[in-house]
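J.: Next comes coords.cif, mmCIF, C-alpha atoms:
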data_structure
loop_
_atom_site.label_atom_id
_atom_site.label_comp_id
_atom_site.auth_asym_id
_atom_site.auth_seq_id
_atom_site.Cartn_x
_atom_site.Cartn_y
_atom_site.Cartn_z
CA MET C 21 -10.30 -20.44 23.97
CA ASN C 22 -10.57 -16.74 23.26
CA ASP C 23 -13.55 -14.58 23.87
CA ASP C 24 -12.57 -12.33 20.92
CA ASP C 25 -14.32 -13.13 17.67
CA SER C 26 -11.29 -13.39 15.36
CA THR C 27 -10.25 -16.82 14.25
CA CYS C 28 -6.65 -18.06 14.21
CA ALA C 29 -6.90 -18.39 10.41
CA GLU C 30 -7.60 -14.63 10.25
CA VAL C 31 -4.98 -13.63 12.79
CA VAL C 32 -2.10 -15.41 11.00
CA GLU C 33 -2.75 -13.14 7.99
CA LEU C 34 -2.30 -10.05 10.18
CA VAL C 35 0.79 -10.87 12.23
CA SER C 36 3.28 -9.43 9.74
CA ASP C 37 1.56 -6.03 9.76
CA TYR C 38 1.15 -6.34 13.52
CA LEU C 39 4.87 -6.99 13.93
CA ASP C 40 5.66 -3.82 11.96
CA GLY C 41 3.12 -1.74 13.85
CA ASN C 42 1.14 -1.22 10.66
CA LEU C 43 -2.30 -2.19 11.88
CA PRO C 44 -4.81 0.54 12.69
CA GLU C 45 -5.80 0.73 16.36
CA PRO C 46 -8.97 -1.34 16.66
CA GLU C 47 -7.40 -4.18 14.63
CA ALA C 48 -4.07 -4.06 16.47
CA GLU C 49 -5.93 -4.33 19.74
CA ARG C 50 -7.96 -7.24 18.44
CA VAL C 51 -4.78 -9.07 17.41
CA ALA C 52 -3.12 -8.30 20.76
CA ASP C 53 -6.16 -9.64 22.63
CA HIS C 54 -6.23 -12.75 20.50
CA LEU C 55 -2.48 -13.40 20.96
CA ALA C 56 -2.83 -12.98 24.71
CA GLY C 57 -5.32 -15.86 24.82
CA CYS C 58 -3.98 -18.12 22.07
CA PRO C 59 -0.73 -20.11 22.49
CA GLY C 60 -0.94 -21.31 18.86
CA CYS C 61 -1.03 -17.84 17.35
CA THR C 62 1.57 -16.63 19.83
CA ALA C 63 3.90 -19.41 18.67
CA TYR C 64 3.16 -18.49 15.04
CA PHE C 65 3.77 -14.80 15.70
CA GLU C 66 7.08 -15.58 17.41
CA GLN C 67 8.08 -17.68 14.39
CA VAL C 68 7.38 -14.79 12.02
CA ARG C 69 9.35 -12.47 14.30
CA ALA C 70 12.25 -14.96 14.39
CA THR C 71 12.07 -15.31 10.59
CA SER C 72 12.38 -11.56 10.17
CA ALA C 73 15.26 -11.48 12.67
CA GLY C 74 17.04 -14.29 10.81
CA LEU C 75 16.66 -12.43 7.53
CA GLY C 76 18.40 -9.47 9.17
CA LYS C 77 21.43 -11.69 9.80
CA VAL C 78 21.81 -12.92 6.23
CA THR C 79 25.17 -11.69 5.04
CA THR C 80 25.70 -10.14 1.68
CA GLU C 81 28.56 -10.92 -0.63
CA ASP C 82 31.00 -8.18 -1.60
CA LEU C 83 31.64 -6.65 -4.96
CA PRO C 84 34.35 -8.60 -6.84
CA PRO C 85 37.70 -6.84 -6.13
CA ASP C 86 38.46 -6.22 -9.81
CA VAL C 87 35.11 -4.45 -10.22
CA ARG C 88 35.91 -2.25 -7.23
CA THR C 89 39.31 -1.38 -8.67
CA SER C 90 37.90 -0.50 -12.06
CA LEU C 91 35.22 1.68 -10.45
CA LEU C 92 37.81 3.67 -8.51
CA GLU C 93 39.78 4.08 -11.72
CA ALA C 94 36.69 5.30 -13.53
CA PHE C 95 36.11 7.79 -10.73
CA ARG C 96 39.67 9.15 -11.02
CA GLU C 97 39.39 9.41 -14.80
CA SER C 98 36.06 11.20 -14.78
CA ARG C 99 37.25 13.77 -12.23
CA LYS C 100 40.45 14.36 -14.21
CA SER C 101 38.51 15.03 -17.37
CA GLN C 102 36.38 17.60 -15.58
CA GLN C 103 39.27 19.65 -14.29
CA MET B 6 21.26 -0.83 4.71
CA ALA B 7 24.69 0.27 5.79
CA GLU B 8 24.90 3.78 7.12
CA VAL B 9 27.64 6.00 5.83
CA PRO B 10 29.14 8.59 8.14
CA GLY B 11 28.64 12.22 7.15
CA ASP B 12 25.68 14.09 5.75
CA ASP B 13 24.64 13.85 2.11
CA ALA B 14 25.59 17.40 1.20
CA GLY B 15 29.07 16.88 2.61
CA LEU B 16 29.51 13.57 0.80
CA VAL B 17 28.30 14.99 -2.50
CA ALA B 18 30.66 17.95 -2.16
CA ARG B 19 33.56 15.56 -1.55
CA LEU B 20 32.58 13.46 -4.57
CA CYS B 21 32.29 16.53 -6.79
CA ALA B 22 35.70 17.67 -5.55
CA GLY B 23 37.08 14.35 -6.80
CA GLU B 24 37.88 12.89 -3.39
CA GLU B 25 38.43 9.22 -4.14
CA ALA B 26 38.25 8.18 -0.48
CA ALA B 27 34.66 9.43 -0.31
CA PHE B 28 33.72 7.41 -3.40
CA ALA B 29 35.50 4.31 -2.05
CA LEU B 30 33.63 4.71 1.23
CA LEU B 31 30.27 4.71 -0.56
CA VAL B 32 31.20 1.80 -2.81
CA ASP B 33 32.39 -0.26 0.16
CA SER B 34 29.39 0.59 2.32
CA TRP B 35 26.59 0.03 -0.14
CA SER B 36 27.75 -2.39 -2.86
CA ALA B 37 27.01 -5.59 -0.97
CA SER B 38 23.39 -4.67 -0.34
CA MET B 39 23.10 -3.27 -3.88
CA LEU B 40 24.31 -6.61 -5.23
CA ARG B 41 21.64 -8.43 -3.28
CA LEU B 42 18.93 -6.06 -4.38
CA ALA B 43 20.06 -6.29 -8.02
CA ARG B 44 20.17 -10.06 -7.68
CA SER B 45 16.55 -10.02 -6.56
CA ILE B 46 15.59 -8.43 -9.90
CA VAL B 47 17.99 -9.89 -12.51
CA SER B 48 18.64 -13.56 -13.10
CA THR B 49 22.33 -14.19 -12.46
CA GLU B 50 25.09 -13.13 -10.07
CA ALA B 51 27.10 -11.92 -13.03
CA SER B 52 24.42 -9.57 -14.31
CA ALA B 53 23.81 -8.32 -10.78
CA ALA B 54 27.48 -7.35 -10.50
CA GLU B 55 27.25 -5.61 -13.89
CA VAL B 56 24.16 -3.69 -12.80
CA VAL B 57 25.96 -2.52 -9.65
CA GLN B 58 28.94 -1.47 -11.73
CA GLU B 59 26.70 0.36 -14.19
CA THR B 60 25.02 2.13 -11.27
CA TRP B 61 28.27 3.37 -9.77
CA LEU B 62 29.43 4.59 -13.18
CA ALA B 63 26.16 6.51 -13.52
CA VAL B 64 26.72 7.99 -10.06
CA VAL B 65 30.23 9.09 -11.08
CA THR B 66 28.98 10.92 -14.16
CA SER B 67 25.87 12.46 -12.67
CA VAL B 68 26.57 13.16 -9.01
CA ASP B 69 26.95 16.87 -9.91
CA ARG B 70 23.26 16.82 -10.74
CA PHE B 71 22.13 15.31 -7.44
CA GLU B 72 19.63 17.83 -6.07
CA GLY B 73 19.01 16.44 -2.62
CA ARG B 74 15.29 15.85 -3.13
CA SER B 75 15.72 12.37 -1.68
CA SER B 76 18.58 10.98 0.39
CA LEU B 77 21.75 10.19 -1.53
CA ARG B 78 21.22 6.52 -0.71
CA THR B 79 17.70 6.48 -2.11
CA TRP B 80 18.91 8.32 -5.21
CA VAL B 81 21.68 5.74 -5.81
CA TYR B 82 19.35 2.79 -5.13
CA ARG B 83 16.77 4.16 -7.54
CA ILE B 84 19.38 4.29 -10.28
CA LEU B 85 20.17 0.69 -9.38
CA VAL B 86 16.57 -0.52 -9.45
CA ASN B 87 15.93 1.13 -12.81
CA ALA B 88 19.11 -0.36 -14.28
CA ALA B 89 18.20 -3.78 -12.90
CA LYS B 90 14.66 -3.63 -14.29
CA ARG B 91 16.00 -2.65 -17.72
CA ARG B 92 18.38 -5.58 -17.54
CA ALA B 93 15.67 -7.98 -16.43
CA ALA B 94 13.49 -6.87 -19.35
CA GLN B 95 16.36 -7.61 -21.76
CA GLU B 96 16.85 -10.98 -20.14
CA GLN B 97 13.11 -11.59 -20.37
CA ARG B 98 13.15 -13.10 -16.96
CA ALA B 99 10.42 -15.72 -16.85
CA VAL B 100 8.18 -13.82 -14.43
CA PRO B 101 7.82 -10.24 -15.60
CA TRP B 102 8.36 -7.72 -12.83
CA ALA B 103 5.10 -5.96 -13.54
CA SER B 104 2.86 -8.99 -13.13
CA LEU B 105 1.70 -8.51 -9.60
CA SER B 106 0.99 -11.77 -7.82
CA LEU B 107 -1.31 -10.65 -5.04
CA ALA B 108 -3.52 -13.69 -4.98
CA ASP B 109 -5.72 -13.58 -1.93
CA GLU B 110 -4.88 -17.12 -0.91
CA PRO B 111 -4.16 -17.91 2.72
CA THR B 112 -0.47 -18.04 3.62
CA VAL B 113 -0.98 -20.90 6.08
CA ASP B 114 -2.29 -24.28 4.96
CA PRO B 115 -6.06 -24.20 5.64
CA ASP B 116 -5.78 -27.79 6.93
CA ALA B 117 -3.92 -26.41 9.93
CA PHE B 118 -7.25 -24.99 11.12
CA GLN B 119 -10.47 -26.70 12.16
CA GLY B 120 -13.25 -26.93 9.60
CA ALA B 121 -16.83 -25.69 9.85
CA ASP B 122 -18.04 -29.01 11.34
CA GLU B 123 -15.47 -29.05 14.12
CA PRO B 124 -15.81 -27.50 17.60
CA TYR B 125 -13.78 -24.33 16.91
CA PRO B 126 -13.87 -23.50 13.19
CA GLY B 127 -10.91 -21.41 12.05
CA HIS B 128 -8.85 -22.23 15.13
CA TRP B 129 -5.68 -24.33 15.19
CA ARG B 130 -6.07 -28.11 15.04
CA SER B 131 -2.81 -28.35 16.91
CA PHE B 132 -0.63 -25.44 17.93
CA PRO B 133 2.56 -24.74 15.98
CA GLU B 134 5.57 -26.04 17.89
CA PRO B 135 7.57 -23.10 19.28
CA TRP B 136 11.06 -22.97 17.76
CA PRO B 137 14.13 -23.30 19.95
CA GLU B 138 15.57 -19.96 21.07
CA GLN B 139 17.90 -18.48 18.40
CA ALA B 140 16.98 -21.28 15.96
CA THR B 141 16.84 -18.89 13.01
CA LEU B 142 20.36 -17.60 13.65
CA SER B 143 22.17 -20.91 13.13
CA ARG B 144 24.39 -21.25 10.09
CA GLU B 145 22.18 -23.96 8.57
CA VAL B 146 18.99 -21.96 8.95
CA LEU B 147 20.59 -18.78 7.60
CA GLN B 148 21.63 -20.74 4.52
CA LEU B 149 18.10 -22.10 4.23
CA ILE B 150 16.69 -18.56 4.52
CA ARG B 151 19.00 -17.38 1.74
CA GLU B 152 17.76 -20.18 -0.53
CA ALA B 153 14.13 -19.62 0.42
CA VAL B 154 14.42 -15.95 -0.57
CA GLU B 155 15.91 -17.02 -3.92
CA ARG B 156 12.84 -19.11 -4.64
CA LEU B 157 10.31 -16.34 -3.97
CA PRO B 158 8.47 -14.61 -6.82
CA ALA B 159 10.42 -11.56 -8.01
CA GLN B 160 8.47 -8.82 -6.25
CA GLN B 161 8.26 -10.65 -2.94
CA ARG B 162 11.98 -11.27 -3.16
CA ALA B 163 12.76 -7.60 -3.77
CA VAL B 164 10.48 -6.40 -0.96
CA ILE B 165 11.73 -8.84 1.67
CA THR B 166 15.32 -8.13 0.61
CA LEU B 167 14.86 -4.41 1.16
CA ARG B 168 12.73 -4.62 4.30
CA ASP B 169 14.14 -7.49 6.33
CA ILE B 170 17.62 -8.06 4.92
CA GLU B 171 18.63 -4.44 4.27
CA GLY B 172 16.46 -2.88 6.94
CA CYS B 173 14.77 -0.27 4.73
CA THR B 174 11.56 1.33 5.96
CA GLY B 175 8.23 0.69 4.26
CA PRO B 176 8.11 4.13 2.61
CA GLU B 177 11.70 3.77 1.32
CA THR B 178 10.83 0.39 -0.16
CA CYS B 179 7.71 1.75 -1.85
CA GLU B 180 9.70 4.58 -3.37
CA LEU B 181 12.50 2.33 -4.60
CA LEU B 182 10.23 -0.28 -6.14
CA ASP B 183 7.33 1.94 -7.22
CA LEU B 184 4.84 0.08 -5.07
CA SER B 185 1.83 1.31 -3.15
CA GLU B 186 2.05 0.99 0.63
CA GLY B 187 -0.70 -1.64 0.60
CA ASN B 188 0.97 -3.81 -2.04
CA GLN B 189 4.31 -3.53 -0.31
CA ARG B 190 2.76 -4.80 2.93
CA VAL B 191 1.00 -7.71 1.23
CA LEU B 192 4.18 -8.73 -0.60
CA LEU B 193 6.19 -8.60 2.63
CA HIS B 194 3.57 -10.59 4.50
CA ARG B 195 3.47 -13.31 1.84
CA ALA B 196 7.25 -13.44 1.57
CA ARG B 197 7.75 -13.77 5.33
CA ALA B 198 5.07 -16.45 5.53
CA ALA B 199 6.76 -18.45 2.74
CA VAL B 200 10.19 -18.22 4.37
CA ARG B 201 8.70 -19.10 7.79
CA ARG B 202 7.08 -22.18 6.28
CA GLU B 203 10.42 -23.41 4.90
CA ILE B 204 12.11 -22.91 8.27
CA ALA B 205 9.24 -24.71 10.03
CA ASP B 206 9.50 -27.64 7.61
CA TYR B 207 13.25 -27.82 8.17
CA LEU B 208 13.09 -27.60 11.97
CA GLY B 209 10.20 -30.05 12.08
CA LYS B 210 11.91 -32.58 9.88
CA ASP B 211 15.01 -32.27 12.01
CA GLY B 212 13.22 -33.18 15.20
CA GLU B 213 12.76 -30.55 17.84
CA ARG B 214 16.14 -28.88 17.54
#
Take the structure in the file and give it back as structure tokens.

T.:
Amino acid sequence: MNDDDSTCAEVVELVSDYLDGNLPEPEAERVADHLAGCPGCTAYFEQVRATSAGLGKVTTEDLPPDVRTSLLEAFRESRKSQQ
Amino acid sequence: MAEVPGDDAGLVARLCAGEEAAFALLVDSWSASMLRLARSIVSTEASAAEVVQETWLAVVTSVDRFEGRSSLRTWVYRILVNAAKRRAAQEQRAVPWASLSLADEPTVDPDAFQGADEPYPGHWRSFPEPWPEQATLSREVLQLIREAVERLPAQQRAVITLRDIEGCTGPETCELLDLSEGNQRVLLHRARAAVRREIADYLGKDGER
């Protein structure tokens, strides 16, 4: 068990900000100390990190080809009309 | 968010000079992530594609007026977000964008923690099971993540799309979505927690791997 005074229920609400480096110093240190002594919160933190990493691998669909073609046409037309 | 080679001033000059290759480069680099962002605000794939199209047409007609106060990318994405919000308002999407859902509820089931009459109140009853290495990168889990994002409330969906899927910074996300830094962080936290929960349920149900 930890000798810090934060509970696991509190720490799980801070891990996202902790992951992004958004916690101010005393709090970040408190979370780091807690994680160092708590396998449960460490597992939770790693899951949030893995979730964020997985989100970064989600692929995005492309613009339909006909939309792309019509956009390039519109670009050509607009430039022509300005010259 | 995909990076485009070349500096903004150079790109804008090429666009103003009518260089189609420069426009095609931008369209090809950014449209996929613009579609996803639009999709996080409007209700159908079809309207998202229309919003992206509308955005590029607006860029074509007004790129001469780009003043370089923000990056070109931020400028284009802002046009997109505004167009998407207008569209969502017309569609009267069930959950209005402006209704901020920042309920202060815990993101983890309180039953996961010991109660006041137990030896360690607020500490785990049993530790979460660590996930297998690379578990969130499998095809099945990526599909699950995509669906989980779809089910999020609108603002959480937009924030997690920009931050974790597109890789925008916090300040960029705040600027694009007109959010305060604090609200952006809360929305991201809640969104990640919700997606994590769905992955945990899936991996748990599926046995250990």

J.: Nearest to chain C among B:Leu77, B:Ala93, B:Leu142, B:Ala153, with distances taken over all atoms listed in the file: which residue is it?

T.: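 Closest to chain C, using all atoms listed in the file: B:Leu142.
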
J.: Using only C-alpha atoms and a distance of at most 6 Å, pull out the residues of chain B that contact chain C, as an NGL selection string.

T.: :B and (23 or 37 or 127-128 or 132-133 or 135 or 141-142 or 169-170 or 194 or 201)

J.: Find the residue from B:Ala199, B:Val81, B:Ala22, B:Ala14 that sits nearest to B:Val64; use all atoms listed in the file when measuring.

T.: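 Smallest distance to B:Val64 is found for B:Val81.
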
J.: Measuring atom to atom with all atoms listed in the file, identify which of B:Pro158, B:Ile165, B:Pro137, B:Pro176 is nearest to B:Leu208.

T.: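 Among the listed residues, the smallest separation from B:Leu208 belongs to B:Pro137.
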
J.: Please give the centre and size of the box around stretch 40-53 of chain C (axis-aligned, containing every atom listed in the file, 8 Å added per side), with values in Å to one decimal and written as lines of an AutoDock Vina configuration file.

T.:
center_x = -1.7
center_y = -4.5
center_z = 16.6
size_x = 30.6
size_y = 26.4
size_z = 28.0

J.: Find the distance between atom CA of B:Leu181 and atom CA of B:Arg83 and write it in Å to one decimal.

T.: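 Here the two named atoms are 5.5 Å from each other.
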
J.: Keeping just N, CA and C atoms, export stretch 39-55 of chain C of this structure as an mmCIF file, in the first residue's frame.

T.:
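Done, and the output landed in out_10.cif:
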data_model
loop_
_atom_site.group_PDB
_atom_site.id
_atom_site.type_symbol
_atom_site.label_atom_id
_atom_site.label_comp_id
_atom_site.auth_asym_id
_atom_site.auth_seq_id
_atom_site.Cartn_x
_atom_site.Cartn_y
_atom_site.Cartn_z
ATOM 1 N N LEU C 39 -0.633 11.926 -18.296
ATOM 2 C CA LEU C 39 -0.079 11.398 -19.540
ATOM 3 C C LEU C 39 0.348 12.530 -20.467
ATOM 4 N N ASP C 40 -0.436 13.601 -20.516
ATOM 5 C CA ASP C 40 -0.141 14.723 -21.408
ATOM 6 C C ASP C 40 0.812 15.737 -20.785
ATOM 7 N N GLY C 41 1.257 15.471 -19.568
ATOM 8 C CA GLY C 41 2.137 16.434 -18.913
ATOM 9 C C GLY C 41 1.433 17.721 -18.529
ATOM 10 N N ASN C 42 0.133 17.625 -18.261
ATOM 11 C CA ASN C 42 -0.652 18.826 -17.969
ATOM 12 C C ASN C 42 -0.883 19.090 -16.488
ATOM 13 N N LEU C 43 -0.323 18.252 -15.640
ATOM 14 C CA LEU C 43 -0.547 18.474 -14.208
ATOM 15 C C LEU C 43 0.522 19.406 -13.648
ATOM 16 N N PRO C 44 0.128 20.342 -12.803
ATOM 17 C CA PRO C 44 1.118 21.192 -12.142
ATOM 18 C C PRO C 44 2.010 20.345 -11.227
ATOM 19 N N GLU C 45 3.196 20.862 -10.919
ATOM 20 C CA GLU C 45 4.237 20.064 -10.291
ATOM 21 C C GLU C 45 3.846 19.278 -9.027
ATOM 22 N N PRO C 46 3.289 19.911 -8.013
ATOM 23 C CA PRO C 46 3.059 19.085 -6.816
ATOM 24 C C PRO C 46 2.126 17.910 -7.102
ATOM 25 N N GLU C 47 1.113 18.135 -7.964
ATOM 26 C CA GLU C 47 0.154 17.079 -8.284
ATOM 27 C C GLU C 47 0.808 15.990 -9.128
ATOM 28 N N ALA C 48 1.607 16.397 -10.109
ATOM 29 C CA ALA C 48 2.271 15.425 -10.981
ATOM 30 C C ALA C 48 3.161 14.512 -10.141
ATOM 31 N N GLU C 49 3.834 15.105 -9.165
ATOM 32 C CA GLU C 49 4.713 14.322 -8.318
ATOM 33 C C GLU C 49 3.913 13.345 -7.459
ATOM 34 N N ARG C 50 2.767 13.827 -6.992
ATOM 35 C CA ARG C 50 1.900 12.980 -6.179
ATOM 36 C C ARG C 50 1.427 11.765 -6.983
ATOM 37 N N VAL C 51 1.025 12.030 -8.248
ATOM 38 C CA VAL C 51 0.574 10.932 -9.105
ATOM 39 C C VAL C 51 1.734 9.972 -9.378
ATOM 40 N N ALA C 52 2.915 10.524 -9.668
ATOM 41 C CA ALA C 52 4.081 9.677 -9.949
ATOM 42 C C ALA C 52 4.396 8.795 -8.743
ATOM 43 N N ASP C 53 4.358 9.389 -7.540
ATOM 44 C CA ASP C 53 4.628 8.617 -6.326
ATOM 45 C C ASP C 53 3.591 7.507 -6.153
ATOM 46 N N HIS C 54 2.330 7.875 -6.397
ATOM 47 C CA HIS C 54 1.272 6.887 -6.229
ATOM 48 C C HIS C 54 1.466 5.727 -7.213
ATOM 49 N N LEU C 55 1.715 6.081 -8.498
ATOM 50 C CA LEU C 55 1.887 5.047 -9.526
ATOM 51 C C LEU C 55 3.046 4.121 -9.161
#
